[in-house]
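What follows is model_15.tsv (TSV, C-alpha atoms and all ligand atoms).
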```
chain	number	residue	atom	x	y	z
A	21	MET	CA	22.14	-29.71	2.36
A	22	ARG	CA	22.18	-29.26	6.12
A	23	VAL	CA	19.71	-26.78	7.49
A	24	SER	CA	20.19	-25.87	11.14
A	25	PHE	CA	17.30	-26.10	13.58
A	26	ASN	CA	17.45	-22.36	14.17
A	27	ALA	CA	17.33	-21.65	10.44
A	28	SER	CA	14.35	-23.99	10.03
A	29	LEU	CA	12.57	-22.39	12.95
A	30	PHE	CA	13.25	-18.93	11.55
A	31	LEU	CA	11.97	-19.98	8.13
A	32	PHE	CA	8.86	-21.54	9.62
A	33	ALA	CA	8.19	-18.50	11.79
A	34	SER	CA	8.71	-16.15	8.83
A	35	CYS	CA	6.30	-18.10	6.65
A	36	ALA	CA	3.73	-18.24	9.43
A	37	LEU	CA	4.03	-14.52	10.03
A	38	ALA	CA	3.90	-13.70	6.35
A	39	HIS	CA	0.83	-15.80	5.68
A	40	PRO	CA	-0.93	-16.79	8.87
A	41	ALA	CA	-3.70	-18.57	6.96
A	42	TYR	CA	-1.16	-21.11	5.74
A	43	LEU	CA	-0.16	-21.99	9.29
A	44	ALA	CA	-3.40	-23.92	9.45
A	45	GLY	CA	-1.88	-26.56	7.20
A	46	PHE	CA	0.70	-27.44	9.85
A	47	VAL	CA	-1.88	-28.33	12.50
A	48	SER	CA	-3.53	-31.73	12.20
A	49	GLU	CA	-7.28	-31.93	12.62
A	50	ARG	CA	-6.85	-34.05	15.77
A	51	ASP	CA	-4.49	-31.53	17.41
A	52	ALA	CA	-6.42	-28.47	16.40
A	53	PRO	CA	-8.30	-26.76	19.23
A	54	GLU	CA	-12.04	-27.09	19.04
A	55	ALA	CA	-13.56	-24.28	16.98
A	56	PRO	CA	-15.37	-21.72	19.11
A	57	ALA	CA	-19.15	-21.70	18.81
A	58	LEU	CA	-20.16	-19.47	15.92
A	59	ASP	CA	-22.53	-17.34	17.96
A	60	ILE	CA	-19.66	-15.86	19.99
A	61	LEU	CA	-17.83	-14.74	16.85
A	62	ALA	CA	-18.48	-11.19	15.72
A	63	ARG	CA	-20.53	-11.45	12.54
A	64	GLU	CA	-19.45	-9.47	9.51
A	65	PRO	CA	-22.06	-6.97	8.29
A	66	ASP	CA	-24.12	-8.07	5.29
A	67	ASP	CA	-22.34	-5.59	3.02
A	68	TYR	CA	-18.86	-6.90	3.97
A	69	GLY	CA	-16.75	-6.87	0.81
A	70	VAL	CA	-19.27	-4.82	-1.18
A	71	PHE	CA	-17.76	-1.69	-2.75
A	72	LYS	CA	-19.49	1.52	-1.67
A	73	GLN	CA	-18.45	5.11	-2.09
A	74	PRO	CA	-17.69	6.70	1.28
A	75	GLY	CA	-20.66	8.51	2.80
A	76	PRO	CA	-20.61	12.17	3.82
A	77	ASN	CA	-19.44	11.35	7.36
A	78	ASP	CA	-16.85	8.79	6.35
A	79	ILE	CA	-13.21	9.85	6.44
A	80	ARG	CA	-10.69	8.97	3.77
A	81	GLY	CA	-6.99	9.76	3.65
A	82	PRO	CA	-4.06	9.88	1.25
A	83	CYS	CA	-3.48	6.11	1.05
A	84	PRO	CA	-5.23	4.24	-1.76
A	85	GLY	CA	-4.51	0.93	0.00
A	86	LEU	CA	-6.31	1.71	3.23
A	87	ASN	CA	-9.09	3.78	1.61
A	88	THR	CA	-9.89	0.92	-0.72
A	89	LEU	CA	-10.07	-1.62	2.10
A	90	SER	CA	-12.53	0.71	3.85
A	91	ASN	CA	-14.60	1.21	0.68
A	92	HIS	CA	-15.17	-2.57	0.66
A	93	GLY	CA	-15.89	-2.72	4.38
A	94	TYR	CA	-12.81	-4.86	5.07
A	95	LEU	CA	-11.65	-2.00	7.29
A	96	ASN	CA	-14.13	0.30	9.05
A	97	ARG	CA	-16.12	2.17	6.44
A	98	ASP	CA	-16.18	5.32	8.51
A	99	GLY	CA	-12.37	5.54	8.39
A	100	ARG	CA	-12.06	5.70	12.17
A	101	ASN	CA	-10.51	3.48	14.85
A	102	ILE	CA	-8.78	1.09	12.51
A	103	GLY	CA	-6.99	-1.60	14.52
A	104	ILE	CA	-3.44	-2.40	13.51
A	105	GLY	CA	-4.13	-6.16	13.54
A	106	SER	CA	-6.94	-5.63	11.02
A	107	ILE	CA	-4.68	-3.54	8.79
A	108	ILE	CA	-2.09	-6.34	8.65
A	109	SER	CA	-4.53	-9.21	8.16
A	110	LYS	CA	-6.72	-7.42	5.57
A	111	MET	CA	-3.64	-6.33	3.61
A	112	ASP	CA	-2.69	-9.99	3.38
A	113	GLU	CA	-6.15	-11.35	2.63
A	114	PHE	CA	-7.49	-8.72	0.24
A	115	LEU	CA	-4.44	-7.00	-1.24
A	116	GLY	CA	-2.16	-10.04	-1.36
A	117	ILE	CA	0.63	-8.41	0.65
A	118	GLY	CA	2.54	-10.66	3.03
A	119	SER	CA	1.94	-9.88	6.70
A	120	ASP	CA	5.67	-9.47	7.28
A	121	PHE	CA	5.48	-6.35	5.10
A	122	GLY	CA	2.23	-5.30	6.79
A	123	LEU	CA	3.98	-5.53	10.13
A	124	VAL	CA	6.94	-3.47	8.94
A	125	GLN	CA	4.60	-0.86	7.43
A	126	VAL	CA	2.54	-0.58	10.59
A	127	VAL	CA	5.60	-0.44	12.88
A	128	GLY	CA	7.08	2.30	10.64
A	129	ALA	CA	3.88	4.33	10.85
A	130	GLY	CA	3.72	3.65	14.60
A	131	PHE	CA	7.16	5.12	15.17
A	132	ARG	CA	5.91	8.22	13.37
A	133	GLY	CA	3.03	8.57	15.79
A	134	ALA	CA	0.19	7.24	13.62
A	135	PHE	CA	-1.47	5.08	16.26
A	136	LYS	CA	-2.93	5.59	19.69
A	137	THR	CA	-3.62	3.15	22.48
A	138	THR	CA	-7.26	2.48	23.26
A	139	SER	CA	-9.09	-0.14	25.31
A	140	SER	CA	-9.24	-2.30	22.19
A	141	GLY	CA	-5.52	-1.97	21.42
A	142	LEU	CA	-3.49	0.20	19.06
A	143	VAL	CA	-5.63	1.98	16.49
A	144	LEU	CA	-5.33	4.54	13.74
A	145	GLU	CA	-7.77	7.04	15.18
A	146	SER	CA	-8.87	8.18	11.74
A	147	TYR	CA	-7.44	8.62	8.25
A	148	ASP	CA	-7.19	12.34	9.05
A	149	VAL	CA	-4.10	11.44	11.09
A	150	LEU	CA	-2.41	10.39	7.83
A	151	THR	CA	-3.64	13.44	5.92
A	152	GLU	CA	-2.15	15.61	8.64
A	153	SER	CA	1.21	13.80	8.70
A	154	HIS	CA	2.84	15.87	5.96
A	155	ASN	CA	6.49	14.97	5.42
A	156	ASN	CA	6.34	12.59	8.33
A	157	ILE	CA	4.26	9.86	6.65
A	158	GLU	CA	2.37	11.68	3.87
A	159	HIS	CA	4.58	13.36	1.27
A	160	ASP	CA	4.60	15.28	-2.02
A	161	ALA	CA	5.02	13.94	-5.58
A	162	SER	CA	2.30	11.29	-5.17
A	163	PHE	CA	0.74	9.64	-8.17
A	164	THR	CA	-2.79	10.35	-7.00
A	165	ARG	CA	-2.80	13.45	-4.80
A	166	THR	CA	-1.88	17.09	-5.39
A	167	ASP	CA	1.11	18.29	-3.37
A	168	LEU	CA	0.10	19.96	-0.13
A	169	GLY	CA	1.80	23.22	-1.09
A	170	LEU	CA	-0.24	23.29	-4.31
A	171	GLY	CA	-3.58	22.90	-2.56
A	172	GLY	CA	-3.54	19.12	-2.07
A	173	SER	CA	-5.77	17.20	0.27
A	174	ALA	CA	-6.80	13.61	0.81
A	175	ALA	CA	-8.92	13.69	-2.36
A	176	VAL	CA	-7.90	11.81	-5.49
A	177	ASN	CA	-6.71	14.07	-8.31
A	178	ALA	CA	-8.16	12.39	-11.43
A	179	THR	CA	-5.88	14.35	-13.75
A	180	LEU	CA	-2.81	13.03	-11.98
A	181	VAL	CA	-4.10	9.45	-12.15
A	182	GLU	CA	-4.73	9.78	-15.91
A	183	GLN	CA	-1.32	11.36	-16.32
A	184	MET	CA	0.26	8.33	-14.66
A	185	LEU	CA	-1.73	5.88	-16.82
A	186	SER	CA	-0.71	7.78	-19.95
A	187	PHE	CA	2.87	6.54	-19.47
A	188	SER	CA	1.84	3.11	-20.70
A	189	THR	CA	3.92	2.32	-23.77
A	190	ASP	CA	1.69	-0.56	-24.95
A	191	LYS	CA	-1.59	1.16	-23.87
A	192	VAL	CA	-2.63	-1.99	-21.98
A	193	ASN	CA	-0.18	-2.17	-19.08
A	194	LEU	CA	2.16	0.00	-17.14
A	195	SER	CA	5.50	-1.78	-17.12
A	196	PRO	CA	7.88	-1.15	-14.20
A	197	GLN	CA	9.86	1.11	-16.57
A	198	ASP	CA	6.67	3.08	-17.39
A	199	ILE	CA	5.95	3.50	-13.67
A	200	ALA	CA	9.51	4.76	-13.12
A	201	GLN	CA	9.03	7.33	-15.93
A	202	ALA	CA	5.72	8.48	-14.44
A	203	ARG	CA	7.35	8.76	-11.02
A	204	HIS	CA	10.16	10.85	-12.48
A	205	VAL	CA	7.69	13.29	-14.03
A	206	ARG	CA	5.84	13.68	-10.72
A	207	ILE	CA	9.14	14.37	-8.93
A	208	ALA	CA	10.02	16.92	-11.62
A	209	ASP	CA	6.59	18.57	-11.18
A	210	THR	CA	7.24	18.91	-7.48
A	211	PHE	CA	10.75	20.29	-7.92
A	212	ASN	CA	9.69	22.75	-10.61
A	213	ASN	CA	6.30	23.92	-9.34
A	214	ASN	CA	6.01	23.44	-5.60
A	215	PRO	CA	7.96	26.04	-3.66
A	216	THR	CA	7.38	24.29	-0.32
A	217	PHE	CA	8.40	20.71	-0.98
A	218	THR	CA	10.74	18.61	1.13
A	219	MET	CA	12.47	15.71	-0.58
A	220	GLU	CA	14.80	14.01	1.83
A	221	GLN	CA	15.59	10.38	2.54
A	222	LYS	CA	12.29	9.71	4.34
A	223	GLN	CA	10.17	11.03	1.46
A	224	THR	CA	12.18	9.48	-1.34
A	225	ASP	CA	12.23	6.08	0.38
A	226	ALA	CA	8.43	6.27	0.49
A	227	LEU	CA	8.18	7.25	-3.19
A	228	TRP	CA	9.90	4.09	-4.40
A	229	ARG	CA	8.45	1.84	-1.72
A	230	GLU	CA	4.95	2.87	-2.79
A	231	ALA	CA	5.79	2.28	-6.45
A	232	ALA	CA	6.88	-1.20	-5.38
A	233	LEU	CA	3.58	-1.66	-3.53
A	234	ILE	CA	1.67	-1.00	-6.74
A	235	ARG	CA	3.60	-3.84	-8.33
A	236	LEU	CA	2.89	-6.16	-5.38
A	237	VAL	CA	-0.87	-5.51	-5.39
A	238	VAL	CA	-1.82	-5.33	-9.07
A	239	GLY	CA	1.37	-6.32	-10.92
A	240	ASP	CA	2.04	-9.55	-12.75
A	241	LYS	CA	4.24	-11.66	-10.48
A	242	ASP	CA	6.87	-12.28	-13.16
A	243	THR	CA	6.95	-9.17	-15.34
A	244	GLY	CA	5.62	-6.62	-12.88
A	245	ASN	CA	3.29	-5.30	-15.60
A	246	VAL	CA	0.19	-3.60	-14.21
A	247	ARG	CA	-3.04	-3.64	-16.19
A	248	LEU	CA	-4.29	-0.09	-16.79
A	249	ASP	CA	-7.92	-0.98	-16.08
A	250	TRP	CA	-6.98	-2.59	-12.77
A	251	LEU	CA	-4.89	0.38	-11.67
A	252	ARG	CA	-7.55	2.88	-12.81
A	253	SER	CA	-10.13	1.07	-10.69
A	254	TRP	CA	-7.83	1.00	-7.66
A	255	PHE	CA	-6.44	4.53	-7.89
A	256	MET	CA	-9.35	6.45	-9.42
A	257	ASP	CA	-12.34	4.77	-7.76
A	258	GLU	CA	-10.47	3.22	-4.82
A	259	LYS	CA	-12.24	0.02	-5.72
A	260	LEU	CA	-10.57	-3.41	-5.87
A	261	PRO	CA	-10.74	-4.60	-9.49
A	262	PHE	CA	-12.42	-7.96	-8.74
A	263	HIS	CA	-15.00	-7.05	-11.41
A	264	LEU	CA	-12.16	-6.94	-13.98
A	265	GLY	CA	-10.79	-10.36	-13.12
A	266	TRP	CA	-8.18	-9.30	-10.56
A	267	GLN	CA	-7.57	-11.46	-7.51
A	268	PRO	CA	-5.13	-10.77	-4.66
A	269	HIS	CA	-1.96	-12.81	-5.08
A	270	LYS	CA	-1.93	-15.97	-2.98
A	271	LEU	CA	1.28	-16.04	-0.95
A	272	GLY	CA	1.82	-12.49	-2.15
A	273	GLY	CA	5.08	-10.62	-1.88
A	274	GLY	CA	6.27	-9.35	1.45
A	275	VAL	CA	9.29	-7.48	2.75
A	276	VAL	CA	11.87	-9.20	0.55
A	277	ASP	CA	9.97	-8.50	-2.68
A	278	ASN	CA	9.15	-4.97	-1.61
A	279	ILE	CA	12.80	-4.17	-0.91
A	280	ARG	CA	13.88	-5.73	-4.21
A	281	HIS	CA	11.35	-3.76	-6.26
A	282	THR	CA	11.98	-0.56	-4.28
A	283	ASN	CA	15.67	-0.81	-5.17
A	284	GLU	CA	14.85	-1.52	-8.81
A	285	PHE	CA	12.68	1.63	-8.97
A	286	ARG	CA	15.40	3.66	-7.29
A	287	ASP	CA	17.95	2.41	-9.84
A	288	MET	CA	15.61	3.21	-12.72
A	289	GLU	CA	15.25	6.76	-11.38
A	290	LYS	CA	19.05	7.12	-11.36
A	291	GLU	CA	19.16	5.97	-15.00
A	292	ILE	CA	16.38	8.36	-16.03
A	293	ASN	CA	18.21	11.21	-14.31
A	294	ALA	CA	21.38	10.30	-16.19
A	295	GLN	CA	19.50	10.13	-19.52
A	296	THR	CA	17.54	13.36	-19.09
A	297	GLY	CA	20.32	15.33	-17.45
A	298	ASP	CA	17.89	16.19	-14.65
A	299	ASN	CA	19.74	16.82	-11.49
A	300	PHE	CA	17.16	16.97	-8.76
A	301	PRO	CA	18.86	16.72	-5.39
A	302	ILE	CA	17.10	13.46	-4.61
A	303	THR	CA	18.47	11.48	-1.71
A	304	PHE	CA	19.07	7.93	-2.85
A	401	LIG	C1	-2.91	-1.74	3.08
A	401	LIG	C2	-1.74	-1.83	2.44
A	401	LIG	C3	-1.21	-0.60	1.80
A	401	LIG	C4	-1.08	-0.37	0.46
A	401	LIG	C5	-1.34	-1.35	-0.64
A	401	LIG	C6	-0.64	0.99	0.32
A	401	LIG	C7	-0.38	1.58	-0.88
A	401	LIG	C8	-0.05	2.89	-1.05
A	401	LIG	C9	0.34	3.50	-2.29
A	401	LIG	C10	0.46	2.80	-3.63
A	401	LIG	C11	0.54	4.80	-2.05
A	401	LIG	C12	1.00	5.85	-3.07
A	401	LIG	C13	-0.14	6.60	-3.64
A	401	LIG	C14	0.26	7.70	-4.55
A	401	LIG	O1	1.40	7.77	-5.04
A	401	LIG	O2	-0.60	8.55	-4.79
A	401	LIG	C15	0.30	5.01	-0.65
A	401	LIG	C16	0.37	6.21	-0.04
A	401	LIG	C17	0.23	6.36	1.30
A	401	LIG	N1	0.05	5.38	2.25
A	401	LIG	FE1	-0.32	3.49	1.92
A	401	LIG	N2	-0.49	1.55	1.56
A	401	LIG	C18	-0.83	0.60	2.50
A	401	LIG	C19	-0.80	0.72	3.85
A	401	LIG	C20	-0.55	1.88	4.49
A	401	LIG	C21	-0.42	2.01	5.92
A	401	LIG	C22	-0.48	0.85	6.93
A	401	LIG	C23	-0.24	3.32	6.16
A	401	LIG	C24	-0.10	4.01	7.46
A	401	LIG	C25	-0.77	3.64	8.54
A	401	LIG	C26	-0.22	4.02	4.88
A	401	LIG	C27	-0.10	5.36	4.69
A	401	LIG	C28	0.02	5.98	3.47
A	401	LIG	C29	0.15	7.40	3.31
A	401	LIG	C30	0.17	8.45	4.39
A	401	LIG	C31	0.28	7.63	1.94
A	401	LIG	C32	0.38	8.97	1.24
A	401	LIG	C33	1.75	9.22	0.79
A	401	LIG	C34	1.69	10.41	-0.10
A	401	LIG	O3	1.79	11.50	0.43
A	401	LIG	O4	1.54	10.24	-1.28
A	401	LIG	N3	-0.40	3.10	3.89
A	401	LIG	N4	-0.06	3.83	-0.05
```
Have the structure of the file written as C-alpha cells, please.
Amino acid sequence: MRVSFNASLFLFASCALAHPAYLAGFVSERDAPEAPALDILAREPDDYGVFKQPGPNDIRGPCPGLNTLSNHGYLNRDGRNIGIGSIISKMDEFLGIGSDFGLVQVVGAGFRGAFKTTSSGLVLESYDVLTESHNNIEHDASFTRTDLGLGGSAAVNATLVEQMLSFSTDKVNLSPQDIAQARHVRIADTFNNNPTFTMEQKQTDALWREAALIRLVVGDKDTGNVRLDWLRSWFMDEKLPFHLGWQPHKLGGGVVDNIRHTNEFRDMEKEINAQTGDNFPITF
C-alpha cells in the first residue's frame, strides 16, 4: 500500500496532537533536548491528585468533567483562571480523552465566549462563566442538573443521577442503549415540565455529544458499557473512580470516536421516538 508523504505527515501530526505524551517515543535520547533543571519547574502541590470536596470559596459549574478535575487538583481547585492548555492536557492524562477532542471542545467553547485573554494566555475566568452560559454552552435536559427554568443551578441533583443509573438493565452497567433510554426520559421531562426550554440544534448536539463523552471516559472500549459504581462516583461525588479500579484509557478516544458515538446515540433516540410514538420537535 502506498501512503503519500502528506498523508503520513498528517497521520503523525494527528497522533502527536491526540496524545502528546506518545510523541516522546519518536525522539531518540541523543536528539532529545537536555531536560531543564528541576528547580525551575513549577512544583505540583502536595495534594495534587487527592480528591477533596470543594471549599466554601471554590467555584464549581455544570460540567462534571471539569469539576472533577478541579476536585483532584489537576485543574485549579478554586475553579478560577483555568488555562485552556491545562484543560486539554488534563483531559488527556486524567480522563483518557484524546487531545484532538480536547482542542475541538475548547475551540467550540471559545467561539461561544467562554475564555478571556490574560497575561498568562486564554483562561476560563471561572466555572460561573459556564453556569451563566444558558443555551449557549450550558443547556437543559442534563443527566445531573435541574433545568434552569425549574430552579436549576450548578449543583448536582442526586435524584436525577439516581434516575439515570436506574436505567441499567443488568443492574451492574449502563449499556449505550440504557444511556439512550435515560437521555430520552430527560428530554421528555424537559418537554413536558419546563415551560422555558430551548431545544435546537446547538442544544441537541450537546446532549448526544455529552452522552458520548460518558462512554469515552468510563465506558468499556469495546462494548461501551459503563459500570454503575464508576459513574455514580463521577457524577454524584465528582470524584474519579480510581478507588474502584478505574483508570483513564491509554490512547483514549478522540474526535473520531466521539463523533461515531454521538451519531449512534442520535440514531438510538430516533428509534426510541419511533417506538414510543413521542414526537418531540428535536433537531437531529
Ligand atoms: C474535561 C473534559 C470534559 C468532559 C469529560 C466533560 C463531560 C461532560 C458531561 C458528561 C456533561 C453532561 C453532564 C450532564 O448531562 O449532566 C458535561 C456538561 C457540560 N460541560 Fe463538559 N466535559 C468536558 C469538558 C468541558 C469543557 C472544556 C467545557 C467548556 C469549557 C465544558 C462545559 C460543559 C458545560 C457547560 C456542561 C453543562 C451542559 C448542561 O447544561 O448540561 N465541558 N460535560
Note to self: Report as a ChimeraX atom specification all protein, DNA and RNA residues lying within 7 Å of region 139-148 of chain A, evaluated on all atoms listed in the file, omitting residues in the same chain fewer than 2 positions from it.
What the structure shows: /A:79-81,99-104,134-137,150-152
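Of the listed residues (A:Pro268, A:Gly75, A:Gly69, A:Gly244), A:Pro268 comes nearest to ligand LIG 401 (chain A); the distances count all atoms listed in the file.
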Item checked: Separation of CA of Ile157 (chain A) from atom C15 of ligand LIG 401 (chain A) in Å ->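 Computing it gives 9.6 Å between the two atoms.
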Checklist line | Minimum-distance residue to ligand LIG 401 (chain A), chosen among A:Trp250, A:Trp228, A:Trp266, A:Phe211 (using all atoms listed in the file) | finding: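 Among the listed residues, A:Trp228 lies closest to ligand LIG 401 (chain A).
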Check: Out of A:Val276, A:Met219, A:Ala161, A:Leu115, which residue has the shortest atom-to-atom distance to Phe304 (chain A) when counting only C-alpha atoms?
Finding: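 Checking each candidate against Phe304 (chain A), we get A:Met219 as the closest.
For the set A:His269, A:Met256, A:Lys110, A:Thr210, the residue with the smallest atom-to-atom gap to Thr164 (chain A) is A:Met256, counting all atoms listed in the file.
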Margin query: So that I can see what lies close to Ile199 (chain A), please list as number ranges by chain the residues with an atom at most 10 Å from it, counting only C-alpha atoms and leaving out residues fewer than 3 positions away in the same chain.
Written below: A: 163, 184-185, 187-188, 193-196, 202-205, 231-232, 234-235, 245-246, 285, 288
Margin query: What does the list of residues within 6 Å of ligand LIG 401 (chain A) look like if you count only C-alpha atoms and all ligand atoms, written as number ranges by chain?
Written below: A: 82-86, 111, 125-126, 129, 150, 157-160, 162-165, 230, 233-234
Next item on the list: Check the smallest atom-to-atom distance from each of A:Leu180, A:Gln197, A:Lys259, A:Ile207 to Gln223 (chain A) using all atoms listed in the file, then report the winner.
Entry: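 Going through A:Leu180, A:Gln197, A:Lys259, A:Ile207 one by one, the smallest distance to Gln223 (chain A) is for A:Ile207.
You will find CA of Asn91 (chain A) at 27.1 Å from CA of Thr282 (chain A).
Among the candidates A:Leu123, A:Ala200, A:Asp225, A:Phe262, the one nearest to Val70 (chain A) when counting all atoms listed in the file is A:Phe262.
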Item checked: Between CA of Arg132 (chain A) and CA of Ala226 (chain A), distance in Å (one decimal) -> 13.3 Å
Draw an axis-aligned box over all listed atoms of region 239-250 of chain A, pad each side with 8 Å, and write its centre and edge lengths in Å, one decimal, as AutoDock Vina command-line options.
```
--center_x -0.5 --center_y -6.2 --center_z -13.6 --size_x 30.9 --size_y 28.2 --size_z 22.3
```
